[in-house]
Protein chains: 4
Amino acid sequence: MEIYPIYAGGEFVTTNHKLNVINSFDGEIFAQTYLADAFVLEKAILAAENALPIMKALPSCEKYTILMEIASEMKCNENHLAELLAMEACKPIKYALAEIGRAVQTIIVAAEESKRLQGEYMSIDWTAAGKGKEGWVKYFPVGLVAGIAPFNFPINLAVHKIAPAIASRCSIILKPASSTPLSTLEFAKIVDKTSLPKGALSILPMDRNAGNQLVTDERFKLLTFTGSPEVGWKMKNDAGKKKVVLELGGNAGVIITKTANIDVAVAKCVVGGFAYSGQVCIHAQRMYVHIDIFEEFTQKFTEAVKLLKQGNPLDMQTDISAMIDENNAIRVEEWVSEAVNSGAKIICGGNRNGAFYPPTVLTDTHKDMKVCALEVFGPVVTLEPYHNFNDAVEFVNDSRFGLQAGVFTNEISEMNQAFSLLEVGGVIINDVPTFRVDHAPYGGIKDSGLGREGVKYAIQDMMEAKILIKPM
Amino acid sequence: MEIYPIYAGGEFVTTNHKLNVINSFDGEIFAQTYLADAFVLEKAILAAENALPIMKALPSCEKYTILMEIASEMKCNENHLAELLAMEACKPIKYALAEIGRAVQTIIVAAEESKRLQGEYMSIDWTAAGKGKEGWVKYFPVGLVAGIAPFNFPINLAVHKIAPAIASRCSIILKPASSTPLSTLEFAKIVDKTSLPKGALSILPMDRNAGNQLVTDERFKLLTFTGSPEVGWKMKNDAGKKKVVLELGGNAGVIITKTANIDVAVAKCVVGGFAYSGQVCIHAQRMYVHIDIFEEFTQKFTEAVKLLKQGNPLDMQTDISAMIDENNAIRVEEWVSEAVNSGAKIICGGNRNGAFYPPTVLTDTHKDMKVCALEVFGPVVTLEPYHNFNDAVEFVNDSRFGLQAGVFTNEISEMNQAFSLLEVGGVIINDVPTFRVDHAPYGGIKDSGLGREGVKYAIQDMMEAKILIKPM
Amino acid sequence: MEIYPIYAGGEFVTTNHKLNVINSFDGEIFAQTYLADAFVLEKAILAAENALPIMKALPSCEKYTILMEIASEMKCNENHLAELLAMEACKPIKYALAEIGRAVQTIIVAAEESKRLQGEYMSIDWTAAGKGKEGWVKYFPVGLVAGIAPFNFPINLAVHKIAPAIASRCSIILKPASSTPLSTLEFAKIVDKTSLPKGALSILPMDRNAGNQLVTDERFKLLTFTGSPEVGWKMKNDAGKKKVVLELGGNAGVIITKTANIDVAVAKCVVGGFAYSGQVCIHAQRMYVHIDIFEEFTQKFTEAVKLLKQGNPLDMQTDISAMIDENNAIRVEEWVSEAVNSGAKIICGGNRNGAFYPPTVLTDTHKDMKVCALEVFGPVVTLEPYHNFNDAVEFVNDSRFGLQAGVFTNEISEMNQAFSLLEVGGVIINDVPTFRVDHAPYGGIKDSGLGREGVKYAIQDMMEAKILIKPM
Amino acid sequence: MEIYPIYAGGEFVTTNHKLNVINSFDGEIFAQTYLADAFVLEKAILAAENALPIMKALPSCEKYTILMEIASEMKCNENHLAELLAMEACKPIKYALAEIGRAVQTIIVAAEESKRLQGEYMSIDWTAAGKGKEGWVKYFPVGLVAGIAPFNFPINLAVHKIAPAIASRCSIILKPASSTPLSTLEFAKIVDKTSLPKGALSILPMDRNAGNQLVTDERFKLLTFTGSPEVGWKMKNDAGKKKVVLELGGNAGVIITKTANIDVAVAKCVVGGFAYSGQVCIHAQRMYVHIDIFEEFTQKFTEAVKLLKQGNPLDMQTDISAMIDENNAIRVEEWVSEAVNSGAKIICGGNRNGAFYPPTVLTDTHKDMKVCALEVFGPVVTLEPYHNFNDAVEFVNDSRFGLQAGVFTNEISEMNQAFSLLEVGGVIINDVPTFRVDHAPYGGIKDSGLGREGVKYAIQDMMEAKILIKPM
């Protein structure tokens, strides 16, 4: 069994707190690593602070080179990284490979953006008080960043915090999810070989106390968290003076109108609904289909869902594997039961087997059922008909959450209405809400989060504007 | 009869070359002004050059104040200005008033933009050669500008050159059309009362030699011309080292699809086709209607056209008056005859009366007829059916010109196709190509022009980038 | 004695909680108004929420018109508003008039920016996953805003929240300081006459409970607070899910180098140090002067300080009047005593008379004294020599705060060093840190705040990005 | 002797017109290629037009991949390419290698920018006429581009046209200088192996007729020329309707003030004055040194110049080799003679030996001498003292040209004055005018050119704005 030391202040270290890593497909402990305690965290913080002036002085060309080297090395190791990721996260290998590809892209984009840090000229003489002066605004690194990444995209969502930190010349301490620490620790080995100043990056699974300190310690100037709404909003209140960015989840809706291409919509909805067992922030959870095509869509969709191949995450044919752990499968089972007991109908799926939960389609649901109202974060979708587009928009909006929404339509007026009225951070036309490219702004409103990620946007959060007002 | 001196280098002067101004509604000479000769032009050029350093040093707040004072004073005098414009251009007073309103808006936008002259920060250390350096780009006035305005929007299209010149701290000498010099000369009186440095603006109707000098004299750093394609493209070759912006005409097309709201489309097409007798660069000249609605559209459109009220430009009820002169009416008559002789059918209109030409609708036209192929610049439109959208796009594109196009549709795919494929500077969804707001980029490709106007864009043309590369 | 009703949900109302307004120059209660209680606040919140869809649908031209009408009406009433402000804030009338002028400018800038709400195009096909798609980002109003304004610039700092809210189509409930509610309530009368949707603005002095609700009520989506660091940072922790912008204070430093123009520096430092008795967030509190010119600067500065005319705020000759209340004067007296007891020397000033505290210059201070370490918010400055520029930068940085800093120098290397290393939001070359223009980004780091104001920047905070990803 | 076919419409072809390529260091013909005639050019044009729709549909990810592959392959072949370049251009190998490095960087920047083609959102409802509409501006490829590159940077200045063309989805036909065609033809082999659509790039040395056709043929929509002022300005008049960008030369000035670091200034001025025998558009030709340091500077500069090692371009130790041909060396000799005959003094250098001209420093020159007034494009600099900074700025400005200028100073006021008043496209503080990084805007005013290059700026010139105005 392989043992992974953790990465603190530029060194790979161990602690007294071992952490087992389990492949939930077979329940086997296949690797071990360590939880950072207060001592290791302090070491990382001091190293990170020492690295700050070195980072601040890093020329653009060196930042760029470091990031491109990391991307290149990851690309070379994509199979190894993907296997590790597939096992720790129980993520089908084809999706694991896709995630590595996206992480590489995220880093390349950060490399490019690192040369394009914004700045602006501003005439100051708009009133007589400013005569003879001009202003130049530059952006400076915010300082030390605390990053917390979730289990579902362990490498790409960690990289969405690490790469912008390097690009913006910040130091960062990243805490991966305790269930999925390996791919980021393997990533740390890649980073460690570059000339990134030691201490600028630490990757530390943490015990509860150390994790809390990421939130409360005032030496961190920014906390960027991706994870569950409950945890995220609690952190915001405990975060003291630091800036907070929260990328939380949702119960994303998708609308399939009469002018949709049904076959395209079906194909995309199957992926949006069941990729990685729905353990995706922008999982297409609630589907609203125009009444005229509801029957056709339902039939085609169900057929396609039934074709999904369940299996070992390391098998390239596998579409869906076990959930992250049995507890989550049990929770999903309970939510589906609650729905059925309140009148919902199971179209397909519905029988848990240990940590496996099959792709499940429900209808006749009600907005108060947990499978509708909360983030199901499992392979369950609801399918409901609507009569007019206004209603469908209201159905999607009738939620605590607002991350992304998909609309299959060919009508300009519906596109406009969706873009104007859907209470989300992103509206995807002719695709599922699950669509995301890593350079675009991404994030939610309402309970789905605070702020935006997407490389350029994350970089902005990691910088502070400073204006120079000078004679001209 | 009122006599208008011309405005040269901050003074109102006269010359030996009198210029009569005629109201073509009744053929009466109702005012006189003067043509600038080489002597007056030289005076204006020297004054403009002397004003350049003063302009360059003008604080933003003073530019803003000057422009806002001009806008405010025009607003106060809108009725007087509109009457003058209505008479010199034979433009129905309601359209003349609208033009004054737009000119006021153009100036306000320039005032606002004058405080927002662009500038950008640029990291320079993308390679080792640039380590330790940073770049700041500012934009400086290009210098002396030559502006030539057309008869059809004598004040707003002049202001589209003058206001950006002030905003960008250039001097400008503006030549109005010889047929419509009065409204700009009246405008000069308003400007003269502000604290704009004397010489920064001259407004001079010109004899041919002086007009040519605007094009060839190397002291002008930019020539901005709005007018006919023939004249414009000739100027480009004679312009020497100066920058050239050309806003020329076209034979704009509009597509009415099956998903259009027909009544809306009809109402807008009547205005786009016949406002100011079609003497508009973005006159909706060629209309392509889906075959399924062709009959309905044609009938409703023709009915609406017949309701247009012909009359005295000073009458608020008048929709259409005489053309700018009888020669143009005769030309239009000849073009229509040519079309009819080649097989076109007149649906309505078609009988010239002196300088009056009635709103005329043709069908069964062919793309080689002058009324299709050339800029008709008169109250004539062609109405043809199409079978599929691809064809309609090709019909619109099958032209030397490419200014704007209108598309009435509610389909996303058609909007995308139109935006991607129509060879024009602007695509207007659910409106006629004639739609323009003065702050947006405006201009054509192919034979329709070179460069873009619209206040912010004109300002950019009037400035030169200068980069400061310095240690950081 | 005039009674001012408060402005709740588009109506002027009264409550059972009267609030006396005192002119601290003579201690007289010269007006009365009311504190909003929970009931009135609820009314305002409901009206604000009802106004949101109306605001969201407001065309740019109507927003612009509303804001320009407000600016114009304020300009017409500047004397009246300034007198009210001078009395409630005990601010010398010349500064009160300047503040009204700035508030007018702030609104005009917001009117202009309201037409320029950002948006951006983004190609989405950076990887194969995005082929055929494009992205458009628009910004939508965040919703209901809670604004809390301080006593020192009661109108301009309120307007810095209200005008961007209108520009971004948000509703806002603004709480003025209890000591200075009148100028904003008078402002409310001006706004009420425009066509701003009723409920979009409420201006409510509040009792403690209602004030707390502004912070904690989740219906507010943004809290924007200008005031003291203690209060501000506490609010951040109580603010729940809403965004928080904090504009707090500091102990701004200014560096006067050998290449400074001493007379200019003296003149500006006197204003920066003593305008409005130093009750200014960017009060020039700590002055560091190169040792070679320390004596000359000290002498000239002291002479100039002694010429400051103390008096009635309504007298145009008055440079400095009473502080906002006697408690604050007593606090300043105690801080100066503490400094003197620890070895500081009073160069001039130092004798309190009721709410009056004279312009006071200290030297031989130490960074741990309250007059150095904390925000003195009174007419006290410290004057210390430095030997080399590095030291001066460190002195300025050796503070919990980081708002703005001033540097008088003609050396490029010093300017660069200052801009790069001073830990502040703004570096002002050849002027005091007190310099601010209302369209530029303004705000601090460290304990001085979170986020930036300045019209365009405040508008950004009041909007949420939404991306439309569509076929192209 | 190697024979290089030329690259027309995606094929390597030969013609009847052989072109010898000479290494002027030893006068040997070391390779042969061909001149394109009208027939080959027509083939290239047709292929380029056919490629346009394919280019227009190229996803960003494919453009990016093509460009990055080219960059990577060039990097792998840098030694071979540099040797070819050194021989054809007689450029010392260390400078040839640097040029290849810059060309690689230019392509990488183009790859990055190709994903960031601009676009902007614009609210349209600034007046009532625009209510309910919004505007989106995108930029589309201009079409077929004609590029003409000079001999002095045969690969990087060609790439400055080719890479932006690919990035902006245009087709381009590039004409290298007849003396230096090989490195670009070798580059063509690299491009040909990528998946760039065939025909999108042709590289063709041309006979005079074909060269003229690049200028006059209306199928080209943009002519981008780098070369001599005489040729460039003539082209502008012959260019018909196409856009024209001219990157011409100058007689760049550099100012060395009293606050300069003299040793740094000397080192940089030697490179700026003599790198590649001064055959550089931004060759530091005229040096103005403050009178107080004139003697010291002159002595140190002359000493350093004398250390320059003359030799074989393929020798890594060589600083300076033969000029591009003997005719140019003779011309330089004549200009120096003219100067000496009019009173100038040779401090060092001055004896021609065939195509070799030694590094030459003149003083006591007069602005009317050719070595001052014209572009010397040879290893000759003038060194003159000045008394005050105003004079130095005037000396630099007293020229037909205005490309870049260098100023060695540590004074903010001098930097400001230089940036504001120097009539050039770029002001370089503490470096020579010869400084250029390939992503920054570059280009001149006055007789030095029209428009700006620098990857992003060249891309902008190769695109046309198109606005979509649609309901919202």
# chains A, B, ... in the order shown; residues from 1 in each chain; ligands from 1
$ residues_around --residues "segment 21-35 of chain D" --least-positions-apart "5" --cutoff "6 Å" --atoms "only C-alpha atoms" --output "JSON, numbers by chain"
{"D": [1, 2, 3, 4, 5, 15, 87, 88, 205, 206, 207, 322, 325]}
$ write_last_selection --atoms "all heavy atoms" --output "compact mmCIF listing (two decimals), in the first residue's frame"
# COMPACT_ATOMS: atom_id res chain seq x y z
N MET D 1 24.57 23.55 -53.34
CA MET D 1 23.76 24.72 -52.98
C MET D 1 22.30 24.33 -52.85
O MET D 1 21.73 23.72 -53.75
CB MET D 1 23.90 25.80 -54.07
CG MET D 1 23.29 27.10 -53.67
SD MET D 1 23.62 28.37 -54.91
CE MET D 1 22.74 27.72 -56.32
N GLU D 2 21.72 24.72 -51.74
CA GLU D 2 20.33 24.31 -51.50
C GLU D 2 19.35 25.19 -52.31
O GLU D 2 19.55 26.39 -52.46
CB GLU D 2 20.00 24.37 -50.01
CG GLU D 2 18.76 23.57 -49.68
CD GLU D 2 18.83 22.99 -48.26
OE1 GLU D 2 19.83 23.27 -47.55
OE2 GLU D 2 17.90 22.29 -47.87
N ILE D 3 18.32 24.54 -52.76
CA ILE D 3 17.27 25.22 -53.53
C ILE D 3 15.99 25.22 -52.71
O ILE D 3 15.57 24.17 -52.23
CB ILE D 3 16.99 24.47 -54.86
CG1 ILE D 3 18.29 24.16 -55.60
CG2 ILE D 3 16.00 25.23 -55.73
CD1 ILE D 3 18.97 25.34 -56.20
N TYR D 4 15.40 26.38 -52.56
CA TYR D 4 14.17 26.48 -51.76
C TYR D 4 12.98 26.78 -52.66
O TYR D 4 12.90 27.88 -53.21
CB TYR D 4 14.30 27.59 -50.73
CG TYR D 4 15.27 27.27 -49.62
CD1 TYR D 4 16.66 27.38 -49.82
CD2 TYR D 4 14.81 26.83 -48.38
CE1 TYR D 4 17.55 27.08 -48.80
CE2 TYR D 4 15.70 26.53 -47.36
CZ TYR D 4 17.06 26.65 -47.58
OH TYR D 4 17.95 26.35 -46.58
N PRO D 5 12.05 25.84 -52.79
CA PRO D 5 10.81 26.19 -53.50
C PRO D 5 10.01 27.21 -52.67
O PRO D 5 10.25 27.37 -51.47
CB PRO D 5 10.07 24.86 -53.60
CG PRO D 5 10.63 24.00 -52.53
CD PRO D 5 12.04 24.47 -52.28
N THR D 15 9.29 28.50 -60.00
CA THR D 15 8.91 29.32 -61.16
C THR D 15 10.12 29.42 -62.07
O THR D 15 11.20 28.89 -61.79
CB THR D 15 8.48 30.74 -60.74
OG1 THR D 15 9.65 31.45 -60.33
CG2 THR D 15 7.48 30.71 -59.61
N MET D 87 23.00 33.89 -42.26
CA MET D 87 23.66 33.96 -43.57
C MET D 87 22.93 34.86 -44.54
O MET D 87 23.53 35.68 -45.22
CB MET D 87 23.81 32.55 -44.13
CG MET D 87 24.91 31.76 -43.40
SD MET D 87 25.37 30.27 -44.29
CE MET D 87 23.89 29.31 -44.09
N GLU D 88 21.62 34.72 -44.62
CA GLU D 88 20.91 35.53 -45.62
C GLU D 88 20.93 37.02 -45.27
O GLU D 88 20.99 37.87 -46.13
CB GLU D 88 19.48 35.03 -45.82
CG GLU D 88 18.57 35.23 -44.63
CD GLU D 88 17.14 34.70 -44.86
OE1 GLU D 88 16.81 34.32 -45.98
OE2 GLU D 88 16.35 34.68 -43.88
N PRO D 205 8.45 35.18 -52.31
CA PRO D 205 9.25 36.27 -52.88
C PRO D 205 8.63 36.61 -54.23
O PRO D 205 8.08 35.72 -54.89
CB PRO D 205 10.64 35.63 -53.07
CG PRO D 205 10.62 34.37 -52.26
CD PRO D 205 9.21 33.94 -52.16
N MET D 206 8.67 37.88 -54.63
CA MET D 206 7.92 38.26 -55.84
C MET D 206 8.73 39.14 -56.76
O MET D 206 9.57 39.93 -56.30
CB MET D 206 6.67 39.05 -55.43
CG MET D 206 5.66 38.23 -54.69
SD MET D 206 4.18 39.19 -54.32
CE MET D 206 3.44 38.08 -53.10
N ASP D 207 8.39 39.05 -58.02
CA ASP D 207 8.93 40.05 -58.94
C ASP D 207 8.12 41.34 -58.76
O ASP D 207 7.12 41.38 -58.03
CB ASP D 207 8.90 39.53 -60.38
CG ASP D 207 7.49 39.26 -60.90
OD1 ASP D 207 6.51 39.81 -60.37
OD2 ASP D 207 7.38 38.46 -61.86
N ALA D 322 29.03 42.39 -41.76
CA ALA D 322 28.81 43.24 -42.93
C ALA D 322 27.38 43.77 -42.93
O ALA D 322 26.50 43.23 -42.27
CB ALA D 322 29.06 42.43 -44.20
N ASP D 325 24.23 44.80 -47.84
CA ASP D 325 24.92 44.75 -49.13
C ASP D 325 25.87 45.93 -49.22
O ASP D 325 25.80 46.88 -48.44
CB ASP D 325 23.93 44.68 -50.29
CG ASP D 325 22.94 45.82 -50.29
OD1 ASP D 325 23.30 46.93 -49.82
OD2 ASP D 325 21.80 45.61 -50.72
$ select_by_dssp --residues "segment 155-193 of chain A" --states "strand (DSSP E)" --output "list of chain:residue names"
A:Ser171, A:Ile172, A:Ile173, A:Leu174, A:Lys175
$ interface_residues --of "chain A" --to "chain D" --cutoff "9 Å" --atoms "only C-alpha atoms" --output "list in words"
Val109, Glu112, Ile412, Ser413, Asn416, Gln417, Phe419, Ser420, Pro471 and Met472 of chain A
$ atom_distance --atom1 "atom CA of Leu157 of chain B" --atom2 "atom CA of Gly135 of chain D"
21.3 Å
$ select_by_dssp --residues "segment 219-427 of chain D" --states "alpha helix (DSSP H)" --output "JSON, numbers by chain"
{"D": [229, 230, 231, 232, 233, 234, 235, 236, 237, 238, 262, 263, 264, 265, 266, 267, 268, 269, 270, 271, 272, 273, 274, 291, 292, 293, 294, 295, 296, 297, 298, 299, 300, 301, 302, 303, 304, 305, 306, 326, 327, 328, 329, 330, 331, 332, 333, 334, 335, 336, 337, 338, 339, 340, 341, 370, 371, 372, 373, 389, 390, 391, 392, 393, 394, 395, 396, 397, 412, 413, 414, 415, 416, 417, 418, 419, 420, 421]}
$ atom_distance --atom1 "atom CA of Ala149 of chain C" --atom2 "atom CA of Asp315 of chain C"
25.9 Å
$ closest_residue --among "D:Val407, D:Leu308, D:Ala158, D:Ile291" --to "Leu383 of chain D" --atoms "only C-alpha atoms"
D:Ile291
$ residues_around --residues "Ile293 of chain A" --least-positions-apart "6" --cutoff "9 Å" --atoms "only C-alpha atoms" --output "NGL selection string"
:A and (256-258 or 262 or 385)
$ write_last_selection --atoms "all heavy atoms" --output "PDB file, in the first residue's frame"
ATOM      1  N   ILE A 256     -36.740  21.843 -21.268  1.00  0.00           N
ATOM      2  CA  ILE A 256     -36.715  21.342 -22.639  1.00  0.00           C
ATOM      3  C   ILE A 256     -38.000  21.813 -23.309  1.00  0.00           C
ATOM      4  O   ILE A 256     -39.106  21.372 -22.960  1.00  0.00           O
ATOM      5  CB  ILE A 256     -36.590  19.804 -22.666  1.00  0.00           C
ATOM      6  CG1 ILE A 256     -35.277  19.370 -21.990  1.00  0.00           C
ATOM      7  CG2 ILE A 256     -36.611  19.293 -24.105  1.00  0.00           C
ATOM      8  CD1 ILE A 256     -35.433  18.863 -20.581  1.00  0.00           C
ATOM      9  N   THR A 257     -37.846  22.728 -24.283  1.00  0.00           N
ATOM     10  CA  THR A 257     -39.025  23.321 -24.917  1.00  0.00           C
ATOM     11  C   THR A 257     -39.409  22.549 -26.169  1.00  0.00           C
ATOM     12  O   THR A 257     -38.677  21.671 -26.628  1.00  0.00           O
ATOM     13  CB  THR A 257     -38.763  24.791 -25.321  1.00  0.00           C
ATOM     14  OG1 THR A 257     -37.888  24.784 -26.446  1.00  0.00           O
ATOM     15  CG2 THR A 257     -38.131  25.577 -24.191  1.00  0.00           C
ATOM     16  N   LYS A 258     -40.506  22.962 -26.755  1.00  0.00           N
ATOM     17  CA  LYS A 258     -40.997  22.322 -27.968  1.00  0.00           C
ATOM     18  C   LYS A 258     -40.056  22.472 -29.151  1.00  0.00           C
ATOM     19  O   LYS A 258     -40.049  21.655 -30.058  1.00  0.00           O
ATOM     20  CB  LYS A 258     -42.337  22.956 -28.379  1.00  0.00           C
ATOM     21  CG  LYS A 258     -43.545  22.292 -27.774  1.00  0.00           C
ATOM     22  CD  LYS A 258     -44.814  22.756 -28.463  1.00  0.00           C
ATOM     23  CE  LYS A 258     -45.027  24.261 -28.289  1.00  0.00           C
ATOM     24  NZ  LYS A 258     -46.336  24.689 -28.819  1.00  0.00           N
ATOM     25  N   ILE A 262     -34.911  17.025 -29.712  1.00  0.00           N
ATOM     26  CA  ILE A 262     -35.133  16.113 -28.586  1.00  0.00           C
ATOM     27  C   ILE A 262     -33.981  15.130 -28.406  1.00  0.00           C
ATOM     28  O   ILE A 262     -33.531  14.874 -27.287  1.00  0.00           O
ATOM     29  CB  ILE A 262     -36.473  15.362 -28.749  1.00  0.00           C
ATOM     30  CG1 ILE A 262     -37.618  16.390 -28.617  1.00  0.00           C
ATOM     31  CG2 ILE A 262     -36.623  14.270 -27.684  1.00  0.00           C
ATOM     32  CD1 ILE A 262     -38.997  15.782 -28.659  1.00  0.00           C
ATOM     33  N   PRO A 385     -43.602  17.788 -16.504  1.00  0.00           N
ATOM     34  CA  PRO A 385     -44.068  18.560 -17.657  1.00  0.00           C
ATOM     35  C   PRO A 385     -44.410  20.006 -17.267  1.00  0.00           C
ATOM     36  O   PRO A 385     -44.680  20.283 -16.097  1.00  0.00           O
ATOM     37  CB  PRO A 385     -45.346  17.827 -18.066  1.00  0.00           C
ATOM     38  CG  PRO A 385     -45.867  17.271 -16.781  1.00  0.00           C
ATOM     39  CD  PRO A 385     -44.676  16.979 -15.910  1.00  0.00           C
TER      40      PRO A 385
END
$ closest_residue --among "A:Glu464, A:Glu295, A:Glu247, A:Glu42" --to "Gly199 of chain A" --atoms "only C-alpha atoms"
A:Glu42
$ atom_distance --atom1 "atom CA of Leu144 of chain A" --atom2 "atom CA of Asp125 of chain B"
23.7 Å
$ residues_around --residues "Val381 of chain B" --least-positions-apart "5" --cutoff "8 Å" --atoms "only C-alpha atoms" --output "MDAnalysis selection string"
chainID B and resid 273 284:287 360:362 371
